[in-house]
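Structure file target01.txt with compact mmCIF, C-alpha atoms:
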```
# COMPACT_ATOMS: atom_id res chain seq x y z
CA MET A 256 22.86 -5.49 -4.14
CA SER A 257 21.82 -9.09 -4.31
CA PRO A 258 19.49 -11.22 -6.41
CA ILE A 259 16.09 -12.40 -5.25
CA HIS A 260 14.80 -15.46 -7.10
CA MET A 261 11.24 -15.08 -8.25
CA ILE A 262 9.22 -16.92 -10.86
CA GLY A 263 12.37 -18.66 -12.05
CA SER A 264 14.51 -15.57 -12.53
CA ALA A 265 16.92 -13.34 -10.60
CA LEU A 266 15.91 -9.72 -10.04
CA GLU A 267 18.52 -7.24 -8.85
CA THR A 268 17.62 -5.85 -5.45
CA GLN A 269 18.97 -3.70 -2.67
CA THR A 270 18.31 -3.51 1.06
CA HIS A 271 17.50 -0.24 2.82
CA THR A 272 17.67 0.58 6.51
CA VAL A 273 14.48 2.53 7.18
CA CYS A 274 13.69 4.34 10.43
CA VAL A 275 10.05 4.76 11.42
CA GLY A 276 9.97 6.69 14.65
CA SER A 277 12.34 4.85 16.97
CA ASP A 278 11.93 1.55 15.09
CA VAL A 279 14.40 0.34 12.46
CA PHE A 280 13.40 -1.88 9.52
CA GLN A 281 15.38 -3.64 6.81
CA ILE A 282 13.48 -3.35 3.52
CA ARG A 283 14.40 -5.26 0.37
CA SER A 284 13.45 -3.40 -2.81
CA LEU A 285 14.17 -3.61 -6.52
CA LYS A 286 17.50 -2.06 -7.52
CA ASP A 287 15.76 0.37 -9.86
CA LYS A 288 12.65 0.89 -11.95
CA GLN A 289 14.20 -0.91 -14.94
CA GLN A 290 13.65 -4.38 -13.43
CA PHE A 291 11.09 -6.53 -15.27
CA PHE A 292 10.42 -10.24 -15.53
CA ASP A 293 7.09 -11.74 -16.57
CA PRO A 294 7.80 -14.95 -18.55
CA GLU A 295 4.44 -16.52 -17.74
CA GLY A 296 2.53 -13.37 -18.67
CA LEU A 297 1.00 -13.03 -15.21
CA ALA A 298 1.42 -9.26 -15.15
CA VAL A 299 0.08 -8.89 -18.69
CA GLN A 300 -2.98 -10.94 -17.75
CA ALA A 301 -3.47 -8.66 -14.74
CA GLY A 302 -3.23 -5.55 -16.94
CA ILE A 303 0.16 -4.49 -15.56
CA SER A 304 2.37 -3.01 -18.29
CA SER A 305 6.13 -3.43 -18.45
CA SER A 306 6.56 0.25 -17.55
CA THR A 307 4.50 -0.02 -14.35
CA TRP A 308 5.60 -3.55 -13.38
CA PRO A 309 8.55 -2.46 -11.18
CA LEU A 310 6.70 0.33 -9.35
CA PHE A 311 5.58 -1.96 -6.52
CA GLY A 312 9.24 -2.59 -5.65
CA THR A 313 10.19 0.97 -4.68
CA LEU A 314 9.96 2.83 -1.38
CA TRP A 315 7.80 5.83 -2.28
CA PRO A 316 7.39 9.02 -0.19
CA SER A 317 3.67 8.34 0.32
CA GLY A 318 4.43 4.91 1.74
CA ARG A 319 6.96 6.32 4.16
CA VAL A 320 4.43 8.90 5.38
CA LEU A 321 1.78 6.19 5.84
CA ALA A 322 4.26 4.12 7.86
CA ASP A 323 4.99 7.12 10.10
CA LEU A 324 1.26 7.64 10.68
CA MET A 325 0.72 3.98 11.55
CA GLN A 326 3.52 4.11 14.10
CA VAL A 327 1.39 6.42 16.28
CA HIS A 328 -2.20 5.73 15.18
CA GLU A 329 -4.56 4.14 17.71
CA LEU A 330 -4.94 0.55 16.53
CA HIS A 331 -5.98 -1.45 19.59
CA GLY A 332 -8.73 -3.93 18.79
CA LEU A 333 -8.87 -3.01 15.09
CA ARG A 334 -8.69 -5.34 12.11
CA VAL A 335 -6.51 -3.52 9.56
CA LEU A 336 -6.13 -3.88 5.78
CA GLU A 337 -3.44 -2.21 3.67
CA LEU A 338 -4.32 -1.72 0.00
CA GLY A 339 -1.52 -1.81 -2.58
CA CYS A 340 1.05 -2.59 0.10
CA GLY A 341 4.00 -2.91 -2.31
CA LEU A 342 7.04 -3.65 -0.15
CA GLY A 343 4.83 -3.54 2.93
CA LEU A 344 6.51 -0.95 5.16
CA ALA A 345 3.28 0.33 6.77
CA SER A 346 2.03 -3.25 7.21
CA LEU A 347 5.30 -4.20 8.90
CA VAL A 348 4.97 -1.26 11.28
CA ILE A 349 1.47 -2.35 12.30
CA HIS A 350 2.49 -6.02 12.46
CA ARG A 351 5.41 -5.21 14.77
CA ARG A 352 2.94 -3.44 17.05
CA GLY A 353 1.16 -6.77 17.41
CA MET A 354 -2.06 -5.79 15.65
CA ASP A 355 -4.46 -7.78 13.45
CA MET A 356 -2.93 -6.88 10.08
CA THR A 357 -3.64 -8.02 6.53
CA ALA A 358 -1.51 -6.74 3.64
CA SER A 359 -2.78 -6.83 0.07
CA ASP A 360 -1.60 -6.01 -3.42
CA TYR A 361 -2.52 -6.79 -7.02
CA HIS A 362 1.03 -7.34 -8.25
CA PRO A 363 1.84 -11.03 -8.83
CA ILE A 364 5.08 -11.00 -6.79
CA ALA A 365 4.39 -8.35 -4.15
CA GLY A 366 3.64 -11.10 -1.66
CA GLU A 367 7.07 -12.64 -2.19
CA PHE A 368 8.83 -9.35 -1.48
CA LEU A 369 6.69 -8.83 1.61
CA SER A 370 7.60 -12.32 2.84
CA LYS A 371 11.29 -11.53 2.33
CA ASN A 372 10.96 -8.29 4.29
CA ILE A 373 9.22 -10.13 7.13
CA ASP A 374 12.15 -12.54 7.27
CA LEU A 375 14.71 -9.73 7.14
CA ASN A 376 13.10 -8.18 10.20
CA GLN A 377 12.77 -11.51 12.05
CA MET A 378 9.02 -11.18 12.37
CA LEU A 379 6.29 -13.80 12.48
CA PRO A 380 4.36 -14.46 9.24
CA LEU A 381 1.93 -11.74 8.17
CA SER A 382 -1.34 -12.34 6.35
CA PHE A 383 -1.16 -11.37 2.67
CA VAL A 384 -3.94 -11.48 0.08
CA GLN A 385 -3.63 -10.79 -3.64
CA CYS A 386 -6.57 -8.46 -4.26
CA ASP A 387 -8.33 -7.51 -7.45
CA TRP A 388 -10.49 -4.49 -6.65
CA GLU A 389 -12.78 -5.37 -9.54
CA LYS A 390 -13.69 -8.80 -8.15
CA ARG A 391 -15.69 -9.82 -5.12
CA GLN A 392 -13.59 -11.55 -2.47
CA PRO A 393 -16.00 -12.38 0.38
CA GLU A 394 -13.35 -14.54 2.06
CA LEU A 395 -11.38 -11.37 2.80
CA GLY A 396 -13.99 -10.22 5.29
CA LEU A 397 -14.56 -6.80 6.87
CA PHE A 398 -12.13 -4.33 8.43
CA ASP A 399 -12.16 -1.50 10.98
CA LEU A 400 -9.28 0.42 9.40
CA ILE A 401 -8.32 0.42 5.71
CA ILE A 402 -5.14 2.21 4.64
CA GLY A 403 -3.26 2.87 1.41
CA SER A 404 -0.61 5.09 -0.14
CA ASP A 405 -0.46 6.36 -3.73
CA VAL A 406 -3.19 3.99 -4.90
CA LEU A 407 -5.05 6.37 -7.25
CA TYR A 408 -2.75 6.53 -10.27
CA GLU A 409 -5.02 5.04 -12.95
CA PRO A 410 -8.25 6.64 -14.30
CA ASN A 411 -10.39 3.67 -13.25
CA HIS A 412 -8.99 3.44 -9.72
CA PRO A 413 -11.47 5.79 -7.98
CA ALA A 414 -14.54 3.73 -8.89
CA LEU A 415 -12.82 0.37 -8.36
CA LEU A 416 -11.21 1.31 -5.05
CA SER A 417 -14.24 3.02 -3.52
CA GLY A 418 -16.42 0.02 -4.33
CA PHE A 419 -13.85 -2.42 -2.96
CA ILE A 420 -13.46 -0.44 0.26
CA ASP A 421 -17.21 -0.26 0.79
CA ARG A 422 -17.57 -4.04 0.35
CA HIS A 423 -14.94 -4.71 3.02
CA SER A 424 -15.76 -2.03 5.61
CA ARG A 425 -17.32 -2.50 9.01
CA ALA A 426 -19.91 0.01 10.20
CA GLY A 427 -17.44 2.25 12.04
CA VAL A 428 -14.65 2.00 9.48
CA GLU A 429 -11.90 4.58 9.08
CA VAL A 430 -10.14 4.83 5.72
CA ILE A 431 -6.78 6.61 5.43
CA ILE A 432 -5.27 7.26 2.00
CA VAL A 433 -1.95 9.10 1.59
CA ASP A 434 -1.94 10.66 -1.85
CA PRO A 435 0.77 12.71 -3.66
CA ASN A 436 -1.82 14.97 -5.32
CA ARG A 437 -2.86 12.53 -8.02
CA ARG A 438 -5.47 13.82 -10.46
CA GLN A 439 -7.90 11.05 -9.49
CA GLN A 440 -8.14 12.00 -5.80
CA ARG A 441 -11.11 14.34 -6.32
CA GLU A 442 -13.09 11.70 -8.20
CA PHE A 443 -12.30 9.16 -5.49
CA THR A 444 -13.55 11.53 -2.80
CA ARG A 445 -16.77 12.16 -4.73
CA ASP A 446 -17.28 8.40 -5.09
CA MET A 447 -16.68 7.82 -1.39
CA GLN A 448 -19.05 10.62 -0.41
CA ALA A 449 -21.71 9.16 -2.70
CA LEU A 450 -21.36 5.92 -0.73
CA GLY A 451 -22.00 7.79 2.52
CA TYR A 452 -18.48 8.50 3.79
CA VAL A 453 -17.52 11.77 5.47
CA TYR A 454 -14.27 13.24 4.13
CA SER A 455 -11.53 15.15 5.93
CA MET A 456 -8.03 16.03 4.81
CA THR A 457 -4.71 17.38 6.04
CA ARG A 458 -2.01 18.71 3.73
CA SER A 459 1.58 17.55 3.92
CA THR A 460 3.65 19.12 6.66
CA LEU A 461 7.08 20.72 6.43
CA ALA A 462 8.49 17.77 8.37
CA GLN A 463 7.01 15.28 5.89
CA PHE A 464 8.55 17.20 3.02
CA GLU A 465 11.95 17.51 4.69
CA GLN A 466 12.08 13.84 5.75
CA HIS A 467 10.44 12.16 2.76
CA LEU A 468 10.06 14.82 0.01
CA PHE A 469 6.32 14.26 0.32
CA LYS A 470 3.95 16.89 -1.04
CA GLY A 471 0.36 15.80 -0.99
CA LYS A 472 -2.57 15.01 1.28
CA VAL A 473 -3.59 12.59 3.97
CA MET A 474 -7.23 11.86 3.20
CA THR A 475 -9.55 10.30 5.77
CA TYR A 476 -13.03 8.87 5.20
CA ARG A 477 -15.50 7.70 7.83
CA ARG A 478 -18.94 6.25 7.41
CA ALA A 479 -21.58 8.80 8.32
```

Final structure tokens representation of the file:
Amino acid sequence: MSPIHMIGSALETQTHTVCVGSDVFQIRSLKDKQQFFDPEGLAVQAGISSSTWPLFGTLWPSGRVLADLMQVHELHGLRVLELGCGLGLASLVIHRRGMDMTASDYHPIAGEFLSKNIDLNQMLPLSFVQCDWEKRQPELGLFDLIIGSDVLYEPNHPALLSGFIDRHSRAGVEVIIVDPNRRQQREFTRDMQALGYVYSMTRSTLAQFEQHLFKGKVMTYRRA
């Protein structure tokens, strides 16, 4: 484990070797979920509590499943946005494939971890945007594919996320959300359908459970 200097402090981290298909990635994460440092109150201002602050810095099963899906998904010619990228594994997979990729997260230091992981894997810089789903960000533009993993863990997330997605979707958009059976998934689907999106879903496979301990759904939405 080694320190990573962020916002004037040292956070304890560790580096994982992660296989996605035949590709190998080095991913720097927080050592554990006890890490916390917010001297300037940036997280507090963003509504991120001390208990949820470190969650961005963990490799979660949903994120691993999303990365596996993006290793084989047809991406040619698509502009892609990852929501709540955290450590950015799925974004790195797409970036390594040479696609037009933008990673995003709300956490004040997620971008710094993503930058470190880009360097660890000797990759060219990757576009990152700090996104607030509640605010309009016209400079972000429109996307053909929008992806996310485990992004529905707060009661207000369905309404915020569905609205944000709709504002940044091209006409033929595909939205893929990997969800570990969060309570809010049904409300999110209702909100997306109300906006005119057609919903389909596949449940987790035995292989996904055996490899990543993932039990949940892969939810897909397309504009009607």

Please report, as JSON, the centre and edge lengths in Å to one decimal of an axis-aligned box covering all listed atoms of segment 298-311 of chain A with 8 Å per side.
```
{"center_x": 2.5, "center_y": -5.3, "center_z": -12.6, "size_x": 28.0, "size_y": 27.3, "size_z": 28.2}
```

At a cut-off of 9 Å, using only C-alpha atoms, what residues contact segment 463-467 of chain A? Leave out same-chain residues fewer than 6 positions from it and give the result as a short mmCIF file (atom, residue, chain, number, x, y, z; two decimals) with C-alpha atoms, in the coordinates of the input.
```
data_model
loop_
_atom_site.label_atom_id
_atom_site.label_comp_id
_atom_site.auth_asym_id
_atom_site.auth_seq_id
_atom_site.Cartn_x
_atom_site.Cartn_y
_atom_site.Cartn_z
CA TRP A 315 7.80 5.83 -2.28
CA PRO A 316 7.39 9.02 -0.19
CA SER A 317 3.67 8.34 0.32
CA ARG A 319 6.96 6.32 4.16
CA VAL A 320 4.43 8.90 5.38
#
```

_Distance in Å - atom CA of Thr270 of chain A versus atom CA of Arg351 of chain A_ =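 Answer for the atom CA of Thr270 of chain A to atom CA of Arg351 of chain A separation: 18.9 Å.
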
*Go through A:Val406, A:His350, A:Gln439, A:Leu395 and flag the residue nearest Ile373 of chain A, using only C-alpha atoms for the distances.*
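Checking each candidate against Ile373 of chain A, we get A:His350 as the closest.
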
*May I have the residues within 9 Å of Leu381 of chain A as a PyMOL selection string, using only C-alpha atoms and disregarding those fewer than 3 positions away in the same chain?*
chain A and resi 346-347+350+356-358+369-370+373+378

Just want the 12 Å neighbourhood of Leu336 of chain A, counted on only C-alpha atoms, with same-chain residues fewer than 2 positions away dropped. Output as a compact mmCIF listing (two decimals) with C-alpha atoms, in the coordinates of the input.
```txt
# COMPACT_ATOMS: atom_id res chain seq x y z
CA MET A 325 0.72 3.98 11.55
CA LEU A 330 -4.94 0.55 16.53
CA LEU A 333 -8.87 -3.01 15.09
CA ARG A 334 -8.69 -5.34 12.11
CA LEU A 338 -4.32 -1.72 0.00
CA GLY A 339 -1.52 -1.81 -2.58
CA CYS A 340 1.05 -2.59 0.10
CA GLY A 343 4.83 -3.54 2.93
CA ALA A 345 3.28 0.33 6.77
CA SER A 346 2.03 -3.25 7.21
CA LEU A 347 5.30 -4.20 8.90
CA ILE A 349 1.47 -2.35 12.30
CA HIS A 350 2.49 -6.02 12.46
CA MET A 354 -2.06 -5.79 15.65
CA ASP A 355 -4.46 -7.78 13.45
CA MET A 356 -2.93 -6.88 10.08
CA THR A 357 -3.64 -8.02 6.53
CA ALA A 358 -1.51 -6.74 3.64
CA SER A 359 -2.78 -6.83 0.07
CA ASP A 360 -1.60 -6.01 -3.42
CA LEU A 381 1.93 -11.74 8.17
CA SER A 382 -1.34 -12.34 6.35
CA PHE A 383 -1.16 -11.37 2.67
CA VAL A 384 -3.94 -11.48 0.08
CA GLN A 385 -3.63 -10.79 -3.64
CA CYS A 386 -6.57 -8.46 -4.26
CA LEU A 395 -11.38 -11.37 2.80
CA GLY A 396 -13.99 -10.22 5.29
CA LEU A 397 -14.56 -6.80 6.87
CA PHE A 398 -12.13 -4.33 8.43
CA ASP A 399 -12.16 -1.50 10.98
CA LEU A 400 -9.28 0.42 9.40
CA ILE A 401 -8.32 0.42 5.71
CA ILE A 402 -5.14 2.21 4.64
CA GLY A 403 -3.26 2.87 1.41
CA PHE A 419 -13.85 -2.42 -2.96
CA ILE A 420 -13.46 -0.44 0.26
CA HIS A 423 -14.94 -4.71 3.02
CA SER A 424 -15.76 -2.03 5.61
CA ARG A 425 -17.32 -2.50 9.01
CA VAL A 428 -14.65 2.00 9.48
CA GLU A 429 -11.90 4.58 9.08
CA VAL A 430 -10.14 4.83 5.72
CA ILE A 431 -6.78 6.61 5.43
CA ILE A 432 -5.27 7.26 2.00
```

_Could you tell me how far atom CA of Val473 of chain A sits from atom CA of Thr457 of chain A, in Å to one decimal place?_
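Separating atom CA of Thr457 of chain A from atom CA of Val473 of chain A is a distance of 5.3 Å.
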
*Kindly extract all protein, DNA and RNA residues lying within 10 Å of the coordinates (-13.2, 9.3, -4.2) given in the file, considering all atoms listed in the file, and supply them as a ChimeraX atom specification.*
/A:407,412-418,439-450,452,454,474,476

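Between atom CA of Asp387 of chain A and atom CA of Gln326 of chain A there is a distance of 27.2 Å.
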
_Can you pull out the residues contacting Leu310 of chain A? Cut-off 10 Å, using all atoms listed in the file, and skip same-chain residues under 6 positions away; I want them as a list of chain:residue names._
A:Leu285, A:Asp287, A:Lys288, A:Gln289, A:Gln290, A:Gly341, A:His362

*asked:* Let me make sure I understand: among A:Met456, A:Leu344, A:Leu375, A:Ile282, which one has the smallest atom-to-atom distance to Asn436 of chain A if we use all atoms listed in the file?
replied: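 Nearest to Asn436 of chain A: A:Met456.
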
*Top pick for closest residue to Arg391 of chain A, considering A:Ala322, A:Gly276, A:Arg422, A:Asn376 and counting only C-alpha atoms*: A:Arg422

*Between A:Ser284, A:Ser277, A:Thr475, A:Gln269, which is the closest to Phe311 of chain A once you count only C-alpha atoms?*
A:Ser284

*Looking at A:Pro393, A:Gly312, A:Pro363, A:Pro380, which one is nearest to Leu297 of chain A, with distances taken over only C-alpha atoms?*
A:Pro363

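With distances taken over all atoms listed in the file, A:Lys472 is the one residue among A:Gly318, A:Pro410, A:Lys472, A:Thr460 lying closest to Pro435 of chain A.
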
*Determine, counting all atoms listed in the file, which protein, DNA and RNA residues have an atom within 9 Å of an atom of Asp293 of chain A; residues of the same chain fewer than 4 positions away are not included. Present the result as number ranges by chain.*
A: 262, 297-299, 305, 308
